[in-house]
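Participant: First, the structure itself, so that you have it in front of you.
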Amino acid sequence: MNSGENIIEVSGLRRRYGPRGSGGFEAVAGLDFTVRRGELFALLGTNGAGKTSTVELLEGLERPTGGRVRVLGHDPYRERAAVRPRIGIMLQEGGFPSDLTVTETARMWAGCTTGARPVAEALEAVGLTGRAGVRVGRLSGGERRRLDLAMALIGRPEVLFLDEPTTGLDPEARQRTWQVVRDLRDAGTSVVLTTHYLEEAEALADRLAIMAHGRIVVSGTPAEVTASRPARIRFRLPDGVTAAQLPVLAPEAGDDGRVEIRTTGLQDTLTGLLLWARERGVELAGLDARSASLEEAFLDIARDDAHGVHPGARPGDAPGTAYREARPAEPAAHPEPQNGATVR
């Protein structure tokens with residue numbers, strides 16, 4: 001498990017394509033993060049956020065425009081010979097010859113790898129033993145992804161880069177792949193994962209970072225990232241009650257009478273609403289209260305980025321609006337609306 005030793009160190013990392021000024025594009029715009037031994041670190045973001053460019057810099061496939069990156073204590077681009085034998089890379093597509101069998105492909109790959117594990121062991125780990133004699137061209141898309149993973153781990157890597165590793169896999173194969181990755185991590189392998197499956201990141205990552213426009217918007221453990229986003233409470237207004245009578249600030253309800261409250265103080269806000277409803281003998285029909293999920297955090301960040309929210313704004317705010325902490329009112333006969341929740 002995680003020993004606290006930094007295996008990857010990134011400081012001020014930048015990657016620019018094209019000339020300076022408006023004619024170029026800065027895909028990676030100053031990143032700072034570390035990955036420790038035995039840790040799985042996930043990089044998330046929408047298409048174009050800079051994930052692939054970042055991983056290519058970590059793998060030594062591209063030269064940084066600026067900043068510093070170290071993998072296993074070395075510059076992965078300038079000192080590639082020292083880094084490459086100690087890392088495994090699973091690209092989005094492996095591109096193995098279609099006329100070779102699975103075993104022939106693995107033997108070829110093992111022959112080019114220092115200290116390779118036995119071919120049968122690598123294939124068994126990803127569930128391809130029964131397909132060992134099948135030509136690569138006849139494998140399904142999911143089976144090819146499993147072969148890609150087997151080749152990435154055949155060299156017993158200290159650092160494993162996984163780019164969308166479970167694309168095309170059925171649920172059973174995805175779960176099996178997750179277990180392979182967990183076992184590698186628990187044995188001390190550091191893993192850098194990019195994925196569009198947020199459930200995958202939530203299930204596997206020790207820490208993660210969500211990127212937008214080449215920058216890290218938020219990072220931390222999955223629990224820390226979701227805790228940084230507002231929780232939500234949804235219900236339908238009771239008959240004869242307006243949104244202005246609620247103990248938190250709320251706009252008019254929708255056509256169906258539903259209200260959604262966003263709050264960073266879920267317990268206090270919900271307690272205030274329930275006490276208020278009990279005092280008046282009314283029912284909050286369809287009541288649904290829950291903390292933010294990683295998916296909601298991701299979508300909030302994507303929306304904020306698309307709408308140009310200032311970096312200093314609090315998570316989930318609309319452009320130009322101030323964030324308001326949810327502070328439920330004490331039950332009263334005629335409650336006045338209080339500032340305290342972002343409501344949508």
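Chain labels run A, B, ... following the order of the structure tokens; each chain numbers its residues from 1, and ligands are numbered from 1 in the order shown.
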Which polymer residues have any atom within 9 Å of an atom of region 209-223 of chain A, counting only C-alpha atoms, with same-chain residues fewer than 4 positions away left out, as a PyMOL selection string?

Facilitator: chain A and resi 14-15+26-33+41-46+48-51+53-54+201-203+205+227-228+293-294+298+301-302+305+311

Participant: May I have the selected residues written with N, CA, C and O atoms, as a CSV table (one decimal), in the first residue's frame?

Facilitator:
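And here is the file that came out, selection.csv:
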chain,number,residue,atom,x,y,z
A,14,ARG,N,3.7,22.4,-18.3
A,14,ARG,CA,3.0,23.0,-19.4
A,14,ARG,C,3.3,22.3,-20.7
A,14,ARG,O,4.4,21.8,-20.9
A,15,ARG,N,2.3,22.3,-21.6
A,15,ARG,CA,2.5,21.8,-23.0
A,15,ARG,C,1.7,22.6,-23.9
A,15,ARG,O,0.5,22.7,-23.9
A,26,GLU,N,-2.5,26.0,-25.6
A,26,GLU,CA,-1.8,25.5,-24.4
A,26,GLU,C,-2.7,24.4,-23.8
A,26,GLU,O,-3.7,24.7,-23.2
A,27,ALA,N,-2.3,23.2,-24.1
A,27,ALA,CA,-3.1,22.0,-23.6
A,27,ALA,C,-2.9,21.7,-22.2
A,27,ALA,O,-3.9,21.3,-21.5
A,28,VAL,N,-1.7,22.0,-21.7
A,28,VAL,CA,-1.4,21.8,-20.2
A,28,VAL,C,-0.9,23.1,-19.7
A,28,VAL,O,0.1,23.6,-20.2
A,29,ALA,N,-1.6,23.7,-18.7
A,29,ALA,CA,-1.3,25.1,-18.4
A,29,ALA,C,-0.9,25.3,-17.0
A,29,ALA,O,-1.3,26.2,-16.2
A,30,GLY,N,0.1,24.5,-16.5
A,30,GLY,CA,0.7,24.7,-15.2
A,30,GLY,C,0.2,23.8,-14.2
A,30,GLY,O,-0.6,24.2,-13.3
A,31,LEU,N,0.5,22.5,-14.2
A,31,LEU,CA,0.0,21.5,-13.3
A,31,LEU,C,1.0,21.3,-12.2
A,31,LEU,O,2.2,21.2,-12.4
A,32,ASP,N,0.5,21.0,-11.0
A,32,ASP,CA,1.3,20.6,-9.8
A,32,ASP,C,0.6,19.5,-9.1
A,32,ASP,O,-0.5,19.6,-8.7
A,33,PHE,N,1.2,18.3,-9.1
A,33,PHE,CA,0.7,17.2,-8.3
A,33,PHE,C,1.7,16.1,-8.1
A,33,PHE,O,2.8,16.2,-8.8
A,41,PHE,N,-3.9,7.2,-8.8
A,41,PHE,CA,-4.3,8.6,-9.1
A,41,PHE,C,-5.0,8.7,-10.4
A,41,PHE,O,-4.5,8.3,-11.4
A,42,ALA,N,-6.2,9.2,-10.3
A,42,ALA,CA,-7.1,9.3,-11.5
A,42,ALA,C,-7.1,10.8,-12.0
A,42,ALA,O,-7.3,11.7,-11.2
A,43,LEU,N,-7.0,10.9,-13.3
A,43,LEU,CA,-7.1,12.2,-14.0
A,43,LEU,C,-8.4,12.2,-14.7
A,43,LEU,O,-8.6,11.4,-15.6
A,44,LEU,N,-9.3,13.1,-14.4
A,44,LEU,CA,-10.6,13.2,-15.0
A,44,LEU,C,-10.8,14.6,-15.7
A,44,LEU,O,-10.1,15.5,-15.4
A,45,GLY,N,-11.7,14.6,-16.6
A,45,GLY,CA,-12.0,15.9,-17.3
A,45,GLY,C,-12.7,15.6,-18.6
A,45,GLY,O,-12.7,14.5,-19.1
A,46,THR,N,-13.4,16.6,-19.1
A,46,THR,CA,-14.1,16.5,-20.4
A,46,THR,C,-13.1,16.4,-21.5
A,46,THR,O,-11.9,16.6,-21.3
A,48,GLY,N,-10.7,17.3,-24.3
A,48,GLY,CA,-10.0,18.6,-24.5
A,48,GLY,C,-9.5,19.2,-23.2
A,48,GLY,O,-9.0,20.3,-23.3
A,49,ALA,N,-9.7,18.6,-22.1
A,49,ALA,CA,-9.3,19.2,-20.8
A,49,ALA,C,-7.8,19.1,-20.6
A,49,ALA,O,-7.3,19.9,-19.8
A,50,GLY,N,-7.1,18.3,-21.3
A,50,GLY,CA,-5.7,18.2,-21.2
A,50,GLY,C,-5.2,16.9,-20.6
A,50,GLY,O,-4.0,16.7,-20.3
A,51,LYS,N,-6.0,15.9,-20.4
A,51,LYS,CA,-5.6,14.7,-19.7
A,51,LYS,C,-4.6,13.9,-20.6
A,51,LYS,O,-3.6,13.5,-20.0
A,53,SER,N,-2.7,14.8,-23.0
A,53,SER,CA,-1.4,15.6,-23.1
A,53,SER,C,-0.6,15.4,-21.9
A,53,SER,O,0.6,15.3,-21.9
A,54,THR,N,-1.2,15.5,-20.7
A,54,THR,CA,-0.5,15.4,-19.4
A,54,THR,C,0.1,14.0,-19.3
A,54,THR,O,1.3,13.9,-18.9
A,201,ALA,N,-13.5,5.7,-11.4
A,201,ALA,CA,-12.6,6.5,-10.6
A,201,ALA,C,-13.0,6.5,-9.1
A,201,ALA,O,-12.2,6.4,-8.3
A,202,GLU,N,-14.3,6.5,-8.9
A,202,GLU,CA,-14.8,6.5,-7.5
A,202,GLU,C,-14.5,5.2,-6.8
A,202,GLU,O,-14.1,5.1,-5.6
A,203,ALA,N,-14.5,4.1,-7.6
A,203,ALA,CA,-14.3,2.8,-7.0
A,203,ALA,C,-12.8,2.5,-6.8
A,203,ALA,O,-12.4,1.8,-5.9
A,205,ALA,N,-9.9,5.0,-7.2
A,205,ALA,CA,-8.9,6.0,-7.0
A,205,ALA,C,-8.6,6.3,-5.5
A,205,ALA,O,-9.6,6.4,-4.7
A,227,ALA,N,-17.3,16.2,-1.3
A,227,ALA,CA,-17.7,17.0,-0.2
A,227,ALA,C,-17.5,18.5,-0.5
A,227,ALA,O,-18.1,19.4,0.1
A,228,SER,N,-16.7,18.8,-1.5
A,228,SER,CA,-16.5,20.2,-1.9
A,228,SER,C,-17.6,20.8,-2.7
A,228,SER,O,-17.7,22.0,-3.0
A,293,SER,N,-22.6,13.3,-5.6
A,293,SER,CA,-21.8,12.2,-6.1
A,293,SER,C,-20.6,12.8,-6.9
A,293,SER,O,-20.6,13.9,-7.2
A,294,LEU,N,-19.7,11.9,-7.2
A,294,LEU,CA,-18.6,12.3,-8.0
A,294,LEU,C,-19.1,12.8,-9.4
A,294,LEU,O,-18.6,13.7,-10.0
A,298,PHE,N,-18.4,16.4,-11.0
A,298,PHE,CA,-17.8,16.5,-12.3
A,298,PHE,C,-18.7,17.4,-13.2
A,298,PHE,O,-18.2,18.3,-13.9
A,301,ILE,N,-18.6,21.1,-12.3
A,301,ILE,CA,-17.3,21.7,-12.7
A,301,ILE,C,-17.4,21.9,-14.2
A,301,ILE,O,-17.0,23.0,-14.7
A,302,ALA,N,-17.9,21.0,-15.0
A,302,ALA,CA,-18.0,21.1,-16.4
A,302,ALA,C,-18.9,22.3,-16.8
A,302,ALA,O,-18.7,23.1,-17.7
A,305,ASP,N,-17.3,25.6,-15.9
A,305,ASP,CA,-16.2,25.9,-16.8
A,305,ASP,C,-16.9,26.4,-18.1
A,305,ASP,O,-16.4,27.4,-18.7
A,311,PRO,N,-12.5,31.7,-11.3
A,311,PRO,CA,-11.9,30.7,-10.4
A,311,PRO,C,-12.1,30.9,-8.9
A,311,PRO,O,-12.0,30.0,-8.2

Participant: Give the strand (DSSP E or B) residues of region 61-267 of chain A, as assigned by DSSP on the backbone, as a PyMOL selection string.

Facilitator: chain A and resi 66-71+74+87-90+101+135+159-163+190-194+207-212+215-220+231-236+258-263

Participant: Extract the full set of helix (DSSP H, G or I) residues from region 182-229 of chain A according to DSSP on the backbone, and format it as a list of chain:residue names.

Facilitator: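 DSSP on the backbone gives helix (DSSP H, G or I) at A:Arg182, A:Asp183, A:Leu184, A:Arg185, A:Asp186, A:Leu198, A:Glu199, A:Glu200, A:Ala201, A:Glu202, A:Ala203, A:Leu204, A:Pro222, A:Ala223, A:Glu224, A:Val225, A:Thr226, A:Ala227.
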
Participant: Limited to all heavy atoms, could you put the picked residues into a file as a CSV table (one decimal), in the first residue's frame?

Facilitator:
chain,number,residue,atom,x,y,z
A,182,ARG,N,-6.5,-3.3,-8.6
A,182,ARG,CA,-6.4,-3.2,-7.2
A,182,ARG,C,-5.2,-4.0,-6.7
A,182,ARG,O,-4.4,-3.6,-5.8
A,182,ARG,CB,-7.7,-3.6,-6.5
A,182,ARG,CG,-8.8,-2.6,-6.7
A,182,ARG,CD,-10.0,-3.1,-5.8
A,182,ARG,NE,-11.2,-2.3,-5.9
A,182,ARG,CZ,-12.2,-2.6,-6.7
A,182,ARG,NH1,-12.3,-3.8,-7.2
A,182,ARG,NH2,-13.3,-1.8,-6.8
A,183,ASP,N,-5.1,-5.3,-7.2
A,183,ASP,CA,-4.0,-6.2,-6.7
A,183,ASP,C,-2.7,-5.6,-7.1
A,183,ASP,O,-1.7,-5.7,-6.2
A,183,ASP,CB,-4.2,-7.5,-7.4
A,183,ASP,CG,-5.4,-8.3,-6.9
A,183,ASP,OD1,-6.0,-7.9,-5.8
A,183,ASP,OD2,-5.9,-9.2,-7.6
A,184,LEU,N,-2.5,-5.0,-8.2
A,184,LEU,CA,-1.3,-4.4,-8.6
A,184,LEU,C,-0.9,-3.2,-7.7
A,184,LEU,O,0.2,-3.1,-7.2
A,184,LEU,CB,-1.3,-3.9,-10.1
A,184,LEU,CG,-1.3,-4.9,-11.1
A,184,LEU,CD1,-1.7,-4.3,-12.5
A,184,LEU,CD2,0.1,-5.6,-11.2
A,185,ARG,N,-1.9,-2.4,-7.4
A,185,ARG,CA,-1.7,-1.3,-6.5
A,185,ARG,C,-1.3,-1.8,-5.1
A,185,ARG,O,-0.4,-1.2,-4.5
A,185,ARG,CB,-3.0,-0.4,-6.4
A,185,ARG,CG,-2.9,0.8,-5.4
A,185,ARG,CD,-4.3,1.3,-5.1
A,185,ARG,NE,-5.1,0.3,-4.4
A,185,ARG,CZ,-6.4,0.4,-4.2
A,185,ARG,NH1,-7.0,1.5,-4.6
A,185,ARG,NH2,-7.0,-0.6,-3.6
A,186,ASP,N,-2.0,-2.8,-4.6
A,186,ASP,CA,-1.8,-3.3,-3.3
A,186,ASP,C,-0.4,-3.9,-3.2
A,186,ASP,O,0.2,-4.0,-2.1
A,186,ASP,CB,-2.8,-4.3,-2.9
A,186,ASP,CG,-4.2,-3.7,-2.7
A,186,ASP,OD1,-4.3,-2.4,-2.6
A,186,ASP,OD2,-5.2,-4.4,-2.6
A,198,LEU,N,-17.0,7.6,-14.3
A,198,LEU,CA,-16.8,8.2,-13.0
A,198,LEU,C,-16.9,7.2,-11.9
A,198,LEU,O,-16.3,7.3,-10.9
A,198,LEU,CB,-17.7,9.4,-12.8
A,198,LEU,CG,-17.6,10.5,-13.8
A,198,LEU,CD1,-18.6,11.6,-13.6
A,198,LEU,CD2,-16.1,11.1,-13.8
A,199,GLU,N,-17.8,6.2,-12.1
A,199,GLU,CA,-17.9,5.1,-11.2
A,199,GLU,C,-16.6,4.4,-11.0
A,199,GLU,O,-16.2,4.0,-9.9
A,199,GLU,CB,-19.0,4.1,-11.7
A,199,GLU,CG,-19.2,2.9,-10.8
A,199,GLU,CD,-20.0,1.8,-11.4
A,199,GLU,OE1,-20.4,2.0,-12.6
A,199,GLU,OE2,-20.3,0.8,-10.8
A,200,GLU,N,-15.9,4.3,-12.1
A,200,GLU,CA,-14.6,3.6,-12.1
A,200,GLU,C,-13.6,4.4,-11.2
A,200,GLU,O,-12.9,3.8,-10.4
A,200,GLU,CB,-14.0,3.4,-13.5
A,200,GLU,CG,-12.7,2.7,-13.6
A,200,GLU,CD,-12.5,2.3,-15.1
A,200,GLU,OE1,-13.0,1.2,-15.4
A,200,GLU,OE2,-11.9,3.0,-15.8
A,201,ALA,N,-13.5,5.7,-11.4
A,201,ALA,CA,-12.6,6.5,-10.6
A,201,ALA,C,-13.0,6.5,-9.1
A,201,ALA,O,-12.2,6.4,-8.3
A,201,ALA,CB,-12.7,8.0,-11.1
A,202,GLU,N,-14.3,6.5,-8.9
A,202,GLU,CA,-14.8,6.5,-7.5
A,202,GLU,C,-14.5,5.2,-6.8
A,202,GLU,O,-14.1,5.1,-5.6
A,202,GLU,CB,-16.3,6.8,-7.4
A,202,GLU,CG,-16.8,7.3,-6.1
A,202,GLU,CD,-18.1,8.0,-6.3
A,202,GLU,OE1,-18.8,7.8,-7.3
A,202,GLU,OE2,-18.5,8.8,-5.4
A,203,ALA,N,-14.5,4.1,-7.6
A,203,ALA,CA,-14.3,2.8,-7.0
A,203,ALA,C,-12.8,2.5,-6.8
A,203,ALA,O,-12.4,1.8,-5.9
A,203,ALA,CB,-14.9,1.7,-7.9
A,204,LEU,N,-11.9,3.1,-7.6
A,204,LEU,CA,-10.5,2.7,-7.6
A,204,LEU,C,-9.6,3.7,-7.1
A,204,LEU,O,-8.5,3.4,-6.5
A,204,LEU,CB,-10.1,2.4,-9.1
A,204,LEU,CG,-10.7,1.2,-9.8
A,204,LEU,CD1,-10.2,1.0,-11.2
A,204,LEU,CD2,-10.4,-0.1,-9.0
A,222,PRO,N,-11.7,10.9,-3.5
A,222,PRO,CA,-13.0,11.0,-4.0
A,222,PRO,C,-14.0,11.6,-3.0
A,222,PRO,O,-14.9,12.4,-3.3
A,222,PRO,CB,-13.4,9.6,-4.3
A,222,PRO,CG,-12.1,8.9,-4.7
A,222,PRO,CD,-11.1,9.5,-3.7
A,223,ALA,N,-13.8,11.3,-1.7
A,223,ALA,CA,-14.7,11.8,-0.7
A,223,ALA,C,-14.5,13.3,-0.5
A,223,ALA,O,-15.5,14.1,-0.3
A,223,ALA,CB,-14.5,11.1,0.7
A,224,GLU,N,-13.3,13.8,-0.6
A,224,GLU,CA,-13.0,15.2,-0.4
A,224,GLU,C,-13.5,16.0,-1.6
A,224,GLU,O,-14.0,17.1,-1.4
A,224,GLU,CB,-11.5,15.4,-0.3
A,224,GLU,CG,-10.9,14.9,1.0
A,224,GLU,CD,-9.4,14.9,1.0
A,224,GLU,OE1,-8.8,15.0,-0.1
A,224,GLU,OE2,-8.8,14.8,2.1
A,225,VAL,N,-13.4,15.4,-2.8
A,225,VAL,CA,-13.9,16.1,-4.0
A,225,VAL,C,-15.4,16.2,-3.9
A,225,VAL,O,-16.0,17.3,-4.2
A,225,VAL,CB,-13.4,15.4,-5.3
A,225,VAL,CG1,-14.1,16.0,-6.5
A,225,VAL,CG2,-11.9,15.5,-5.4
A,226,THR,N,-16.1,15.2,-3.6
A,226,THR,CA,-17.6,15.3,-3.5
A,226,THR,C,-18.0,16.2,-2.4
A,226,THR,O,-19.0,16.9,-2.5
A,226,THR,CB,-18.2,13.9,-3.4
A,226,THR,OG1,-17.7,13.2,-2.2
A,226,THR,CG2,-17.9,13.0,-4.6
A,227,ALA,N,-17.3,16.2,-1.3
A,227,ALA,CA,-17.7,17.0,-0.2
A,227,ALA,C,-17.5,18.5,-0.5
A,227,ALA,O,-18.1,19.4,0.1
A,227,ALA,CB,-16.8,16.7,1.1

Participant: Identify which of the residues A:Asp163, A:Val83, A:Arg280, A:Val259 lies closest to Ala244 (chain A), counting only C-alpha atoms when measuring atom-to-atom distances.

Facilitator: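 Using only C-alpha atoms, Ala244 (chain A) sits closest to A:Val259.
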
Participant: If we count only C-alpha atoms, what is near region 104-113 of chain A at a cut-off of 7 Å, once residues fewer than 3 positions away on the same chain are taken out, given as a VMD selection string?

Facilitator: chain A and resid 100 to 101 116 119 151 154 to 155

Participant: What separation in Å, quoted to one decimal, exists between CA of Ala152 (chain A) and CA of Thr34 (chain A)?

Facilitator: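 A separation of 21.8 Å between them.
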
Participant: Rounded to one decimal place, report the CA of Gly115 (chain A)-CA of Phe161 (chain A) distance in Å.

Facilitator: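 These atoms are spaced 18.4 Å apart.
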
Participant: Mind pulling up the distance from CA of Ala150 (chain A) to CA of Val71 (chain A)?

Facilitator: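 Here the two named atoms are 22.0 Å from each other.
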